[in-house]
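Text of input.txt (compact mmCIF, C-alpha atoms) as supplied:
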# COMPACT_ATOMS: atom_id res chain seq x y z
CA MET A 1 99.98 39.04 42.49
CA ASN A 2 99.06 40.10 38.98
CA GLY A 3 98.85 43.71 40.14
CA SER A 4 102.32 43.43 41.65
CA ALA A 5 103.75 41.98 38.41
CA SER A 6 102.10 44.75 36.43
CA GLN A 7 103.60 47.35 38.79
CA LYS A 8 107.05 45.77 38.43
CA HIS A 9 106.65 45.76 34.67
CA LYS A 10 105.73 49.46 34.71
CA MET A 11 108.67 50.21 37.00
CA TRP A 12 111.14 48.44 34.69
CA SER A 13 109.67 50.20 31.67
CA PHE A 14 110.11 53.51 33.44
CA ILE A 15 113.74 52.65 34.37
CA ALA A 16 114.45 51.61 30.77
CA PHE A 17 112.92 54.88 29.54
CA VAL A 18 115.09 56.92 31.96
CA ILE A 19 118.22 55.03 30.88
CA LEU A 20 117.34 55.63 27.24
CA LEU A 21 116.83 59.34 27.90
CA SER A 22 120.08 59.66 29.85
CA GLY A 23 121.80 57.84 27.01
CA CYS A 24 120.58 60.52 24.64
CA ALA A 25 121.75 63.24 27.02
CA VAL A 26 125.30 61.96 27.06
CA GLY A 27 125.79 62.09 23.34
CA GLY A 28 123.89 59.05 22.19
CA VAL A 29 123.83 55.53 23.50
CA GLY A 30 127.38 54.60 24.36
CA GLY A 31 128.26 58.10 25.64
CA PRO A 32 130.49 60.75 24.14
CA PRO A 33 133.61 59.73 22.19
CA GLN A 34 136.49 58.98 24.53
CA ASN A 35 139.26 59.53 22.00
CA ALA A 36 139.94 60.61 18.43
CA GLU A 37 139.01 57.22 16.98
CA GLY A 38 135.77 57.38 18.95
CA LEU A 39 134.89 60.70 17.28
CA ARG A 40 135.76 59.32 13.83
CA GLU A 41 133.40 56.41 14.43
CA PHE A 42 130.73 58.71 15.85
CA VAL A 43 130.80 60.92 12.74
CA ARG A 44 130.90 57.96 10.31
CA ILE A 45 127.68 56.46 11.70
CA ALA A 46 125.86 59.70 12.56
CA PRO A 47 122.76 60.07 10.38
CA PHE A 48 123.07 63.78 9.65
CA ARG A 49 126.82 64.15 9.58
CA GLY A 50 129.58 62.76 7.50
CA VAL A 51 133.30 62.79 7.07
CA GLU A 52 134.39 65.76 5.00
CA SER A 53 137.16 64.60 2.67
CA PHE A 54 139.02 66.76 0.19
CA GLU A 55 142.43 67.31 -1.32
CA VAL A 56 144.47 70.48 -1.18
CA ALA A 57 147.16 71.57 -3.61
CA ARG A 58 149.84 71.94 -0.94
CA SER A 59 152.55 69.58 0.15
CA PHE A 60 152.03 67.45 3.22
CA GLN A 61 154.96 69.21 4.91
CA GLU A 62 153.44 72.63 4.26
CA VAL A 63 150.05 71.56 5.61
CA THR A 64 151.63 70.04 8.70
CA SER A 65 153.72 73.14 9.29
CA THR A 66 150.68 75.43 9.03
CA LEU A 67 148.65 73.25 11.38
CA ARG A 68 151.47 73.24 13.92
CA GLU A 69 151.86 77.01 13.70
CA LYS A 70 148.12 77.78 13.89
CA ASN A 71 147.56 75.28 16.68
CA LYS A 72 150.13 77.16 18.75
CA GLU A 73 148.95 80.61 17.71
CA CYS A 74 145.17 80.26 17.76
CA LEU A 75 144.05 77.33 19.85
CA ALA A 76 146.18 77.65 22.98
CA VAL A 77 143.78 80.13 24.56
CA ILE A 78 141.44 80.28 27.52
CA VAL A 79 138.07 81.99 27.34
CA ASN A 80 136.66 83.62 30.47
CA TRP A 81 132.99 84.44 30.17
CA ARG A 82 130.60 86.34 32.39
CA CYS A 83 126.90 87.03 32.21
CA ILE A 84 126.39 90.43 33.77
CA ASN A 85 122.68 91.07 33.62
CA CYS A 86 121.55 87.51 34.07
CA ILE A 87 119.30 86.54 36.96
CA PHE A 88 122.43 85.25 38.66
CA ASN A 89 125.78 86.88 37.98
CA THR A 90 127.42 83.84 36.47
CA LYS A 91 130.91 83.40 35.09
CA GLY A 92 133.07 80.55 33.95
CA THR A 93 136.03 79.41 31.91
CA ILE A 94 136.24 77.50 28.66
CA THR A 95 139.45 75.60 28.01
CA PHE A 96 140.63 73.87 24.88
CA LYS A 97 143.01 71.00 24.46
CA THR A 98 144.64 70.05 21.20
CA THR A 99 146.76 67.04 20.44
CA MET A 100 148.97 66.90 17.38
CA VAL A 101 150.20 63.53 16.23
CA THR A 102 152.72 63.66 13.42
CA ASN A 103 154.79 61.13 11.57
CA PRO A 104 156.28 61.23 8.06
CA ASN A 105 153.09 59.86 6.51
CA ARG A 106 150.31 61.26 8.62
CA THR A 107 149.35 64.26 10.71
CA GLU A 108 146.42 64.34 13.10
CA LEU A 109 145.02 67.30 14.99
CA HIS A 110 142.53 66.51 17.76
CA PHE A 111 140.51 69.23 19.44
CA GLN A 112 138.68 69.07 22.77
CA ARG A 113 136.60 71.76 24.41
CA LYS A 114 135.76 71.93 28.10
CA GLY A 115 133.22 74.29 29.64
CA GLY A 116 130.60 76.62 28.23
CA SER A 117 127.65 75.56 26.12
CA GLY A 118 128.14 71.97 24.96
CA GLY A 119 131.40 71.72 26.84
CA PHE A 120 130.14 69.58 29.70
CA GLU A 121 128.87 66.09 29.07
CA ILE A 122 128.36 63.18 31.37
CA GLY A 123 131.01 60.60 30.64
CA ALA A 124 133.22 62.95 28.60
CA PRO A 125 137.01 62.72 28.97
CA PRO A 126 138.53 64.95 31.69
CA ASP A 127 139.74 67.51 29.12
CA GLY A 128 136.31 67.83 27.57
CA PRO A 129 134.43 66.23 24.70
CA TYR A 130 136.25 65.63 21.44
CA ARG A 131 134.82 68.18 18.97
CA ILE A 132 137.00 67.94 15.86
CA VAL A 133 139.59 65.57 14.45
CA LEU A 134 141.56 66.42 11.32
CA ASP A 135 143.67 63.84 9.51
CA ALA A 136 146.14 64.80 6.78
CA VAL A 137 148.02 62.32 4.60
CA PRO A 138 150.19 62.92 1.53
CA SER A 139 148.47 62.06 -1.75
CA GLY A 140 151.11 62.88 -4.31
CA PRO A 141 153.63 65.61 -4.96
CA ASN A 142 152.24 68.89 -3.62
CA ARG A 143 148.94 67.32 -2.74
CA THR A 144 147.50 66.38 0.62
CA LYS A 145 144.32 64.52 1.46
CA ILE A 146 142.29 65.86 4.35
CA ASP A 147 139.65 64.05 6.40
CA LEU A 148 137.70 66.29 8.73
CA TYR A 149 135.50 64.81 11.47
CA VAL A 150 133.28 67.41 13.13
CA ARG A 151 131.08 66.60 16.10
CA SER A 152 128.27 69.11 15.45
CA ILE A 153 127.12 72.19 13.62
CA ASP A 154 128.19 74.19 16.71
CA ASP A 155 131.79 73.65 15.63
CA ASN A 156 131.39 75.21 12.18
CA LEU A 157 133.52 78.25 12.96
CA LEU A 158 136.45 76.03 13.85
CA ARG A 159 135.72 73.73 10.92
CA ASN A 160 135.99 76.71 8.56
CA ALA A 161 139.23 77.81 10.22
CA PHE A 162 140.73 74.31 9.82
CA ARG A 163 139.69 74.32 6.15
CA GLY A 164 141.35 77.70 5.62
CA TRP A 165 144.56 76.60 7.33
CA VAL A 166 145.03 73.41 5.32
CA ARG A 167 144.24 75.23 2.08
CA GLY A 168 146.49 78.11 3.06
CA THR A 169 143.79 80.55 1.98
CA ASN A 170 142.63 81.95 5.30
CA LEU A 171 145.17 81.91 8.08
CA GLY A 172 143.19 83.87 10.66
CA CYS A 173 142.31 82.62 14.11
CA PRO A 174 138.70 81.75 14.98
CA ASP A 175 137.20 83.83 17.78
CA MET A 176 136.97 81.10 20.38
CA THR A 177 134.34 83.02 22.34
CA LYS A 178 131.94 82.30 19.47
CA ARG A 179 130.46 78.99 18.32
CA MET B 1 125.80 126.96 31.47
CA ARG B 2 124.95 124.68 34.36
CA ILE B 3 123.89 121.97 31.89
CA ILE B 4 127.19 122.22 29.98
CA ILE B 5 129.18 121.89 33.22
CA SER B 6 127.07 118.91 34.26
CA VAL B 7 127.55 117.19 30.90
CA MET B 8 131.30 117.86 30.97
CA SER B 9 131.56 116.56 34.53
CA LEU B 10 129.67 113.43 33.55
CA ALA B 11 131.91 112.89 30.51
CA ILE B 12 135.03 113.34 32.63
CA ALA B 13 133.66 110.96 35.26
CA ILE B 14 132.81 108.33 32.65
CA SER B 15 136.16 108.58 30.90
CA GLY B 16 137.90 108.39 34.27
CA CYS B 17 135.92 105.32 35.27
CA SER B 18 136.83 103.40 32.14
CA GLY B 19 140.47 103.36 33.27
CA LEU B 20 141.68 103.89 29.70
CA LYS B 21 143.86 106.77 28.68
CA THR B 22 144.81 107.84 25.22
CA TYR B 23 148.24 106.58 24.26
CA PRO B 24 150.59 109.55 23.98
CA SER B 25 152.34 108.62 20.78
CA THR B 26 155.95 109.70 21.05
CA GLY B 27 158.92 110.26 18.78
CA ASP B 28 159.04 108.83 15.30
CA HIS B 29 155.79 107.39 14.03
CA ASN B 30 157.42 104.00 13.63
CA LEU B 31 154.32 101.80 13.85
CA LEU B 32 151.67 101.72 11.15
CA VAL B 33 148.47 99.94 12.17
CA ARG B 34 146.19 98.92 9.31
CA THR B 35 142.79 97.86 10.54
CA LYS B 36 139.91 96.05 8.90
CA VAL B 37 137.08 95.28 11.24
CA SER B 38 133.56 94.38 10.28
CA GLY B 39 130.66 93.39 12.47
CA SER B 40 127.26 92.24 11.38
CA PHE B 41 123.60 93.12 11.71
CA SER B 42 123.57 91.60 15.17
CA THR B 43 127.16 92.09 16.34
CA LYS B 44 129.23 95.20 16.87
CA VAL B 45 133.00 94.83 16.72
CA GLU B 46 135.61 97.31 17.89
CA ALA B 47 139.37 97.03 18.00
CA PHE B 48 141.74 98.62 20.48
CA LEU B 49 145.48 98.67 20.95
CA HIS B 50 146.73 98.88 24.53
CA VAL B 51 150.40 99.76 24.87
CA TYR B 52 152.50 98.70 27.87
CA ARG B 53 156.14 99.16 28.77
CA LEU B 54 157.61 95.83 29.83
CA GLN B 55 159.90 96.46 32.77
CA GLY B 56 160.44 92.81 33.55
CA PRO B 57 158.93 89.50 32.49
CA CYS B 58 155.69 90.24 34.35
CA ASN B 59 156.01 93.91 35.14
CA PHE B 60 153.72 95.93 32.90
CA GLU B 61 153.42 99.69 32.90
CA TYR B 62 150.28 100.79 31.08
CA LEU B 63 151.06 103.64 28.69
CA GLY B 64 147.75 104.13 26.97
CA THR B 65 145.20 102.95 24.44
CA VAL B 66 144.48 103.68 20.80
CA LYS B 67 141.05 102.97 19.39
CA LEU B 68 141.61 101.39 15.99
CA ASN B 69 138.70 103.09 14.26
CA ARG B 70 140.47 104.17 11.07
CA ASP B 71 141.91 102.17 8.20
CA GLU B 72 145.41 103.38 8.98
CA ILE B 73 146.84 104.87 12.13
CA ARG B 74 150.47 105.82 12.65
CA LEU B 75 151.92 105.98 16.11
CA GLY B 76 155.27 106.07 17.79
CA ILE B 77 156.59 103.49 20.21
CA SER B 78 159.81 104.21 22.02
CA PRO B 79 162.83 102.55 20.44
CA ARG B 80 165.08 100.27 22.52
CA GLN B 81 162.34 99.75 25.05
CA SER B 82 160.59 96.44 25.67
CA THR B 83 157.02 97.02 24.64
CA TYR B 84 153.93 94.90 24.94
CA LEU B 85 151.24 95.57 22.35
CA LYS B 86 147.86 94.12 23.24
CA PHE B 87 145.29 94.17 20.46
CA ASP B 88 141.77 93.66 21.78
CA PHE B 89 138.77 92.78 19.64
CA GLU B 90 135.63 93.66 21.55
CA THR B 91 132.44 92.15 20.24
CA SER B 92 129.01 92.94 21.63
CA ALA B 93 125.57 91.82 20.62
CA ARG B 94 123.38 94.67 19.42
CA PHE B 95 120.13 93.15 20.71
CA ALA B 96 121.35 91.35 23.79
CA ASN B 97 123.48 92.19 26.75
CA THR B 98 126.49 90.05 25.95
CA SER B 99 130.01 90.98 25.03
CA SER B 100 133.40 89.38 24.79
CA THR B 101 136.99 90.37 24.24
CA VAL B 102 139.60 88.50 22.27
CA PRO B 103 143.17 89.59 22.97
CA TYR B 104 146.19 89.14 20.74
CA SER B 105 149.53 90.29 22.10
CA VAL B 106 153.02 90.74 20.80
CA ALA B 107 156.15 91.77 22.64
CA LEU B 108 158.87 93.66 20.85
CA THR B 109 161.78 95.99 21.40
CA PRO B 110 161.74 98.46 18.51
CA GLN B 111 165.06 99.22 16.92
CA LEU B 112 166.11 102.80 16.46
CA GLY B 113 165.12 103.94 12.97
CA ALA B 114 163.18 100.77 12.15
CA GLN B 115 159.58 100.74 10.94
CA TYR B 116 156.88 98.31 12.00
CA THR B 117 153.54 97.40 10.46
CA ALA B 118 150.58 95.73 12.14
CA ASP B 119 147.79 94.34 9.97
CA VAL B 120 144.78 93.85 12.17
CA SER B 121 141.51 92.30 11.07
CA TYR B 122 138.33 90.83 12.47
CA VAL B 123 135.86 89.58 9.88
CA ASP B 124 133.17 86.90 10.28
CA SER B 125 134.43 85.89 13.74
CA VAL B 126 137.91 85.25 12.40
CA TYR B 127 140.69 87.54 13.56
CA SER B 128 144.22 88.10 12.47
CA VAL B 129 147.08 90.23 13.72
CA VAL B 130 150.31 90.25 11.75
CA VAL B 131 153.10 92.43 13.09
CA ARG B 132 156.21 92.84 10.98
CA LYS B 133 159.36 94.81 10.99
CA THR B 134 159.42 96.44 7.58
CA GLY B 135 162.28 97.46 5.38
CA PRO B 136 162.79 100.92 3.88
CA ARG B 137 160.55 100.11 0.90
CA GLY B 138 157.82 98.56 3.01
CA THR B 139 158.98 95.00 2.40
CA ALA B 140 158.51 92.58 5.27
CA GLU B 141 161.76 91.78 7.02
CA ARG B 142 160.75 89.93 10.12
CA PHE B 143 157.49 88.52 11.43
CA ILE B 144 156.87 89.06 15.14
CA GLU B 145 155.09 86.11 16.75
CA ARG B 146 152.18 86.14 19.15
CA SER B 147 153.43 86.55 22.68
CA LYS B 148 152.85 83.71 25.09
CA LEU B 149 153.92 85.30 28.35
CA ASN B 150 152.84 83.36 31.40
CA CYS B 151 151.50 86.55 32.88
CA GLN B 152 149.12 89.13 31.51
CA PRO B 153 148.80 92.83 32.16
CA PRO B 154 146.16 93.68 34.75
CA THR B 155 142.68 94.28 33.34
CA ASP B 156 139.57 95.99 34.60
CA ASP B 157 138.10 92.58 35.50
What is this file in structure tokens?
Amino acid sequence: MNGSASQKHKMWSFIAFVILLSGCAVGGVGGPPQNAEGLREFVRIAPFRGVESFEVARSFQEVTSTLREKNKECLAVIVNWRCINCIFNTKGTITFKTTMVTNPNRTELHFQRKGGSGGFEIGAPPDGPYRIVLDAVPSGPNRTKIDLYVRSIDDNLLRNAFRGWVRGTNLGCPDMTKR
Amino acid sequence: MRIIISVMSLAIAISGCSGLKTYPSTGDHNLLVRTKVSGSFSTKVEAFLHVYRLQGPCNFEYLGTVKLNRDEIRLGISPRQSTYLKFDFETSARFANTSSTVPYSVALTPQLGAQYTADVSYVDSVYSVVVRKTGPRGTAERFIERSKLNCQPPTDD
């Protein structure tokens, strides 16, 4: 009887351990963020990340206009990749989805990535995990406050591009085949 | 002599296999391409311009390719003819067998006597292509947007 109870205890411990591990594999306990607010919350409480907040000396309208233009120019792309000399000749597609929410007092740009390294996660939304959310609000004449929520260090190229766009200093497009 | 013939045959075969032909620049040199491309210790970057004649919304006739390996290159594109310019940034890892291509395309119909400038750059994994119609003194008159055709010219893939 005691042996059976001990076995059950071990089994439940093992199940709990597996659940804990799978929780880690899907982006932490609770799974990957399901929407922009989920990513904001994820970044706020993450131990090694934080919200990046700064002000730029450009009007809110200018910042919004640049984001709209660059979103259309740079982010509406599809990446086809192929590994030629791998053990298996593999290929795939990486797609990106952006959502722009604008009103007179706030602009949001949400970015999702599906496919490729880090682009598949159990429990992620159908269009891929949320990687970056940028919020812009006016903070005075010719000044705009930016809050940048970035999921991981893998998204630094895009983070730098977003910074350049809102500042108006670097208007190039990030090479979406790179991380 | 036999070696020279063999080498030439091989070179011809290789160039033929790549499917690329040099763009035969025609008429006025009405397009100035200014290129700034820099790779890194681990990545090699090259830029190319593929020129197509657009005969319909999705009907591309490949005219040729220019390797953008100089700071400035002048070439002629036929006026009054719908043209599709496809700038390709090809990046390849120096110590691994991976490569990728980032395309940036614009469609334009050059006006007779007009001049065009393309500023092309790829630095630190950030690329930029700005194509403008320029005035007589080199001042920008009109910015030509990135083309979002629902079809793409055929590739070697």
Which is closest to Asn59 of chain B among B:Tyr122, B:Phe41, B:Tyr84, B:Tyr23, if we use all atoms listed in the file?
->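 Of all the options, B:Tyr84 lies closest to Asn59 of chain B.
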When you look at Arg143 of chain A with a cut-off of 10 Å (counting only C-alpha atoms), what residues show up, excluding the ones that are within fewer than 3 positions of it in the same chain? I need them as a PDB file with C-alpha atoms, keeping the file's coordinate frame.
ATOM      1  CA  GLU A  55     142.430  67.310  -1.320  1.00  0.00           C
ATOM      2  CA  VAL A  56     144.470  70.480  -1.180  1.00  0.00           C
ATOM      3  CA  ALA A  57     147.160  71.570  -3.610  1.00  0.00           C
ATOM      4  CA  ARG A  58     149.840  71.940  -0.940  1.00  0.00           C
ATOM      5  CA  SER A  59     152.550  69.580   0.150  1.00  0.00           C
ATOM      6  CA  PHE A  60     152.030  67.450   3.220  1.00  0.00           C
ATOM      7  CA  GLN A  61     154.960  69.210   4.910  1.00  0.00           C
ATOM      8  CA  GLU A  62     153.440  72.630   4.260  1.00  0.00           C
ATOM      9  CA  VAL A  63     150.050  71.560   5.610  1.00  0.00           C
ATOM     10  CA  VAL A 137     148.020  62.320   4.600  1.00  0.00           C
ATOM     11  CA  PRO A 138     150.190  62.920   1.530  1.00  0.00           C
ATOM     12  CA  SER A 139     148.470  62.060  -1.750  1.00  0.00           C
ATOM     13  CA  GLY A 140     151.110  62.880  -4.310  1.00  0.00           C
ATOM     14  CA  ILE A 146     142.290  65.860   4.350  1.00  0.00           C
TER      15      ILE A 146
END
Please identify all polymer residues lying at most 10 Å from the point (136.3, 95.5, 18.9) (file coordinates), using all atoms listed in the file, and present the result as a VMD selection string.
-> chain B and resid 37 to 39 44 to 49 67 to 69 87 to 92 99 to 103 121 to 122
Counting all atoms listed in the file, chain B residues within 8 Å of chain A, as a ChimeraX atom specification | /B:97-98,100,102,125-128,146
For atom CA of Leu20 of chain B and atom CA of Leu63 of chain B, quote the distance in Å rounded to one decimal.
->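 Going from atom CA of Leu20 of chain B over to atom CA of Leu63 of chain B, I get 9.4 Å.
The two atoms in question, atom CA of Pro153 of chain B and atom CA of Ser78 of chain B, are spaced 18.8 Å apart.
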With the input short on atoms, add N, CA, C and O atoms back to segment 28-44 of chain B and write it as a JSON list (two decimals), keeping the file's coordinate frame.
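Generated file (result00.json):
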[["chain", "number", "residue", "atom", "x", "y", "z"],
["B", 28, "ASP", "N", 159.33, 109.23, 16.68],
["B", 28, "ASP", "CA", 159.04, 108.83, 15.30],
["B", 28, "ASP", "C", 157.76, 108.01, 15.24],
["B", 28, "ASP", "O", 157.54, 107.16, 16.09],
["B", 29, "HIS", "N", 156.97, 108.23, 14.22],
["B", 29, "HIS", "CA", 155.79, 107.39, 14.03],
["B", 29, "HIS", "C", 156.26, 106.10, 13.36],
["B", 29, "HIS", "O", 156.18, 105.95, 12.14],
["B", 30, "ASN", "N", 156.76, 105.19, 14.19],
["B", 30, "ASN", "CA", 157.42, 104.00, 13.63],
["B", 30, "ASN", "C", 156.50, 102.78, 13.55],
["B", 30, "ASN", "O", 156.94, 101.71, 13.15],
["B", 31, "LEU", "N", 155.25, 102.93, 13.95],
["B", 31, "LEU", "CA", 154.32, 101.80, 13.85],
["B", 31, "LEU", "C", 153.09, 102.21, 13.04],
["B", 31, "LEU", "O", 152.39, 103.16, 13.40],
["B", 32, "LEU", "N", 152.87, 101.49, 11.96],
["B", 32, "LEU", "CA", 151.67, 101.72, 11.15],
["B", 32, "LEU", "C", 150.68, 100.59, 11.43],
["B", 32, "LEU", "O", 151.02, 99.42, 11.27],
["B", 33, "VAL", "N", 149.50, 100.95, 11.90],
["B", 33, "VAL", "CA", 148.47, 99.94, 12.17],
["B", 33, "VAL", "C", 147.40, 100.05, 11.11],
["B", 33, "VAL", "O", 146.75, 101.09, 10.96],
["B", 34, "ARG", "N", 147.24, 98.97, 10.34],
["B", 34, "ARG", "CA", 146.19, 98.92, 9.31],
["B", 34, "ARG", "C", 145.07, 98.03, 9.83],
["B", 34, "ARG", "O", 145.33, 96.87, 10.19],
["B", 35, "THR", "N", 143.89, 98.57, 9.89],
["B", 35, "THR", "CA", 142.79, 97.86, 10.54],
["B", 35, "THR", "C", 141.63, 97.60, 9.59],
["B", 35, "THR", "O", 141.24, 98.48, 8.83],
["B", 36, "LYS", "N", 141.12, 96.39, 9.66],
["B", 36, "LYS", "CA", 139.91, 96.05, 8.90],
["B", 36, "LYS", "C", 139.01, 95.27, 9.85],
["B", 36, "LYS", "O", 139.32, 94.13, 10.21],
["B", 37, "VAL", "N", 137.97, 95.92, 10.28],
["B", 37, "VAL", "CA", 137.08, 95.28, 11.24],
["B", 37, "VAL", "C", 135.66, 95.39, 10.72],
["B", 37, "VAL", "O", 135.23, 96.46, 10.31],
["B", 38, "SER", "N", 134.95, 94.28, 10.70],
["B", 38, "SER", "CA", 133.56, 94.38, 10.28],
["B", 38, "SER", "C", 132.68, 93.51, 11.17],
["B", 38, "SER", "O", 133.00, 92.35, 11.43],
["B", 39, "GLY", "N", 131.62, 94.12, 11.64],
["B", 39, "GLY", "CA", 130.66, 93.39, 12.47],
["B", 39, "GLY", "C", 129.55, 92.85, 11.58],
["B", 39, "GLY", "O", 129.76, 92.58, 10.40],
["B", 40, "SER", "N", 128.39, 92.73, 12.16],
["B", 40, "SER", "CA", 127.26, 92.24, 11.38],
["B", 40, "SER", "C", 126.02, 92.95, 11.87],
["B", 40, "SER", "O", 126.08, 93.82, 12.73],
["B", 41, "PHE", "N", 124.89, 92.54, 11.32],
["B", 41, "PHE", "CA", 123.60, 93.12, 11.71],
["B", 41, "PHE", "C", 123.39, 92.98, 13.23],
["B", 41, "PHE", "O", 122.89, 93.88, 13.88],
["B", 42, "SER", "N", 123.86, 91.86, 13.76],
["B", 42, "SER", "CA", 123.57, 91.60, 15.17],
["B", 42, "SER", "C", 124.78, 91.81, 16.08],
["B", 42, "SER", "O", 124.64, 91.79, 17.30],
["B", 43, "THR", "N", 125.95, 91.99, 15.50],
["B", 43, "THR", "CA", 127.16, 92.09, 16.34],
["B", 43, "THR", "C", 127.97, 93.34, 16.00],
["B", 43, "THR", "O", 128.23, 93.63, 14.84],
["B", 44, "LYS", "N", 128.37, 94.04, 17.05],
["B", 44, "LYS", "CA", 129.23, 95.20, 16.87],
["B", 44, "LYS", "C", 130.65, 94.78, 17.26],
["B", 44, "LYS", "O", 130.85, 94.08, 18.26]]
